[in-house]
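Here is the structure we will look at.
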Amino acid sequence: MTIQKRGVISLNKAAHDLIGNAETVELLYDRDRQVMAVRSTDDSSPHAYAVRNGSKRGPGQAIISATAFTQHYGIDATATRRWKPFVEDDMLCVDLSEEGTVITGNRTKTTAPVGTMEPTEASPDDAPADASTADDPDHS
């Protein structure tokens with residue numbers, strides 16, 4: 001289970017399977033234990049959250065918009081973190097007292113716009129294997 005930056009919760013297919021591929025869930029939080037739980041429910045629940053499919057290619061990642069939930073309980077969502085969930089009383093749980101693995105994606109990488117990169121001088125080691133060095137005075 002992953003709590004993404006700004007409070008979106010994502011579940012991989014295996015985790016979503018553990019709660020019966022629920023389309024609607026309740027989010028619970030035990031302040032004393034610092035355990036967050038996701039429980040399958042129907043959409044008549046007053047605290048129901050819709051589960052969206054996070055993949056356009058079919059079943060896969062499930063997404064729960066939980067920004068208000070994480071803010072209400074003071075759950076840190078300043079960075080994307082992943083925890084290995086456990087099942088307790090038919091709920092998918094994560095222990096937030098554990099650090100969680102910080103996830104960084106390649107979307108934040110910046111690349112220089114085309115034409116702004118400085119030219120670099122290739123070393124002889126960069127030459128293709130079949131390149132001739134007969135005319136190169138530095139190569140003997």
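Residues are named by chain letter and number: chains run A, B, ... in the order of the structure tokens, numbers start at 1 in each chain, and ligands are numbered from 1 in the order shown.
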
Legend entry - Spatial neighbours of region 83-89 of chain A, max dist 6 Å, only C-alpha atoms, sep filter under 5 positions, as number ranges by chain: A: 1, 94, 100

Legend entry - Contacts of region 8-24 of chain A at 10 Å (only C-alpha atoms; same-chain gap of 5+ positions) as a ChimeraX atom specification: /A:1-3,38-45,47-54,59-70,77,80-82,84-87,90-92

Take the selection from the previous step and output its residues with N, CA and C atoms, as a compact mmCIF listing (two decimals), in the first residue's frame.
```txt
# COMPACT_ATOMS: atom_id res chain seq x y z
N MET A 1 0.85 -1.16 0.00
CA MET A 1 0.00 0.00 0.00
C MET A 1 0.90 1.22 0.00
N THR A 2 0.51 2.19 -0.81
CA THR A 2 1.30 3.41 -0.94
C THR A 2 0.43 4.62 -0.60
N ILE A 3 0.99 5.52 0.20
CA ILE A 3 0.36 6.82 0.39
C ILE A 3 1.19 7.79 -0.41
N VAL A 38 -7.95 -0.13 5.53
CA VAL A 38 -8.89 0.00 4.42
C VAL A 38 -9.82 -1.19 4.51
N ARG A 39 -11.13 -0.89 4.55
CA ARG A 39 -12.12 -1.96 4.70
C ARG A 39 -13.17 -1.83 3.60
N SER A 40 -13.51 -2.95 2.99
CA SER A 40 -14.55 -2.98 1.97
C SER A 40 -15.89 -2.58 2.58
N THR A 41 -16.66 -1.79 1.85
CA THR A 41 -18.00 -1.40 2.30
C THR A 41 -18.86 -1.15 1.08
N ASP A 42 -20.12 -0.83 1.30
CA ASP A 42 -20.95 -0.46 0.16
C ASP A 42 -21.08 1.06 0.14
N ASP A 43 -21.60 1.57 -0.96
CA ASP A 43 -21.61 3.02 -1.13
C ASP A 43 -22.64 3.74 -0.26
N SER A 44 -23.42 3.00 0.54
CA SER A 44 -24.37 3.65 1.45
C SER A 44 -23.70 4.11 2.74
N SER A 45 -22.47 3.68 2.98
CA SER A 45 -21.74 4.08 4.17
C SER A 45 -21.48 5.59 4.12
N HIS A 47 -19.12 7.23 5.29
CA HIS A 47 -17.69 7.54 5.16
C HIS A 47 -17.04 6.72 4.05
N ALA A 48 -17.81 6.43 3.02
CA ALA A 48 -17.31 5.61 1.92
C ALA A 48 -16.45 6.42 0.96
N TYR A 49 -15.39 5.78 0.51
CA TYR A 49 -14.51 6.35 -0.51
C TYR A 49 -14.58 5.46 -1.74
N ALA A 50 -14.70 6.07 -2.92
CA ALA A 50 -14.72 5.31 -4.17
C ALA A 50 -13.31 4.85 -4.50
N VAL A 51 -13.22 3.66 -5.05
CA VAL A 51 -11.93 3.12 -5.51
C VAL A 51 -11.92 3.24 -7.03
N ARG A 52 -10.93 3.94 -7.55
CA ARG A 52 -10.80 4.11 -8.99
C ARG A 52 -9.71 3.20 -9.53
N ASN A 53 -9.86 2.83 -10.77
CA ASN A 53 -8.83 2.03 -11.44
C ASN A 53 -7.72 2.98 -11.85
N GLY A 54 -6.51 2.68 -11.43
CA GLY A 54 -5.38 3.55 -11.73
C GLY A 54 -4.68 3.23 -13.02
N PRO A 59 -7.37 -4.11 -15.15
CA PRO A 59 -7.21 -4.18 -13.70
C PRO A 59 -5.74 -4.10 -13.30
N GLY A 60 -5.50 -3.41 -12.27
CA GLY A 60 -4.13 -3.22 -11.79
C GLY A 60 -4.19 -2.39 -10.54
N GLN A 61 -3.58 -1.25 -10.59
CA GLN A 61 -3.51 -0.37 -9.43
C GLN A 61 -4.88 0.23 -9.13
N ALA A 62 -5.23 0.24 -7.84
CA ALA A 62 -6.47 0.86 -7.38
C ALA A 62 -6.11 2.14 -6.64
N ILE A 63 -6.89 3.20 -6.86
CA ILE A 63 -6.60 4.52 -6.33
C ILE A 63 -7.75 4.98 -5.44
N ILE A 64 -7.40 5.53 -4.28
CA ILE A 64 -8.39 6.09 -3.35
C ILE A 64 -7.96 7.52 -3.05
N SER A 65 -8.83 8.48 -3.35
CA SER A 65 -8.52 9.89 -3.05
C SER A 65 -8.79 10.13 -1.57
N ALA A 66 -7.71 10.22 -0.80
CA ALA A 66 -7.84 10.28 0.66
C ALA A 66 -7.15 11.50 1.26
N THR A 67 -7.07 12.58 0.51
CA THR A 67 -6.38 13.77 0.99
C THR A 67 -7.00 14.29 2.28
N ALA A 68 -8.33 14.40 2.33
CA ALA A 68 -9.01 14.91 3.53
C ALA A 68 -8.76 13.98 4.71
N PHE A 69 -8.75 12.67 4.48
CA PHE A 69 -8.51 11.68 5.53
C PHE A 69 -7.11 11.85 6.11
N THR A 70 -6.11 11.92 5.24
CA THR A 70 -4.73 12.04 5.74
C THR A 70 -4.51 13.36 6.45
N ALA A 77 1.95 13.05 4.41
CA ALA A 77 1.85 12.80 2.98
C ALA A 77 2.73 13.78 2.21
N THR A 80 5.93 10.40 -1.11
CA THR A 80 5.29 9.12 -1.42
C THR A 80 6.02 8.02 -0.66
N ARG A 81 5.26 7.24 0.12
CA ARG A 81 5.84 6.15 0.92
C ARG A 81 5.04 4.87 0.72
N ARG A 82 5.74 3.74 0.76
CA ARG A 82 5.12 2.43 0.57
C ARG A 82 5.35 1.58 1.82
N LYS A 84 4.35 -2.49 3.47
CA LYS A 84 3.82 -3.82 3.21
C LYS A 84 2.60 -3.98 4.11
N PRO A 85 1.42 -4.18 3.52
CA PRO A 85 0.20 -4.27 4.33
C PRO A 85 0.05 -5.64 4.98
N PHE A 86 -0.80 -5.68 6.00
CA PHE A 86 -1.18 -6.94 6.63
C PHE A 86 -2.69 -6.93 6.78
N VAL A 87 -3.27 -8.11 6.87
CA VAL A 87 -4.72 -8.23 7.01
C VAL A 87 -5.05 -8.49 8.47
N ASP A 90 -10.40 -8.72 8.40
CA ASP A 90 -10.87 -8.41 7.05
C ASP A 90 -10.56 -6.99 6.59
N MET A 91 -9.58 -6.36 7.20
CA MET A 91 -9.15 -5.03 6.80
C MET A 91 -7.71 -5.10 6.34
N LEU A 92 -7.39 -4.31 5.34
CA LEU A 92 -6.01 -4.18 4.87
C LEU A 92 -5.38 -3.06 5.67
```

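With only C-alpha atoms as the atoms that count, the residue of A:Tyr73, A:Gln34, A:Arg6, A:Glu26 with the shortest distance to Glu99 (chain A) is A:Gln34.
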
Inset, instruction - Would you mind listing what lies within 12 Å of Arg31 (chain A) as a PyMOL selection string, with only C-alpha atoms counted and same-chain residues fewer than 6 positions away left out? - result: chain A and resi 37+72-75+95-97

Inset, instruction - Could you please determine the separation between CA of Pro46 (chain A) and CA of Ala79 (chain A) in Å, to one decimal place? - result: 28.8 Å

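Picture a line from CA of Gly105 (chain A) to CA of Asp76 (chain A); it runs 18.3 Å.
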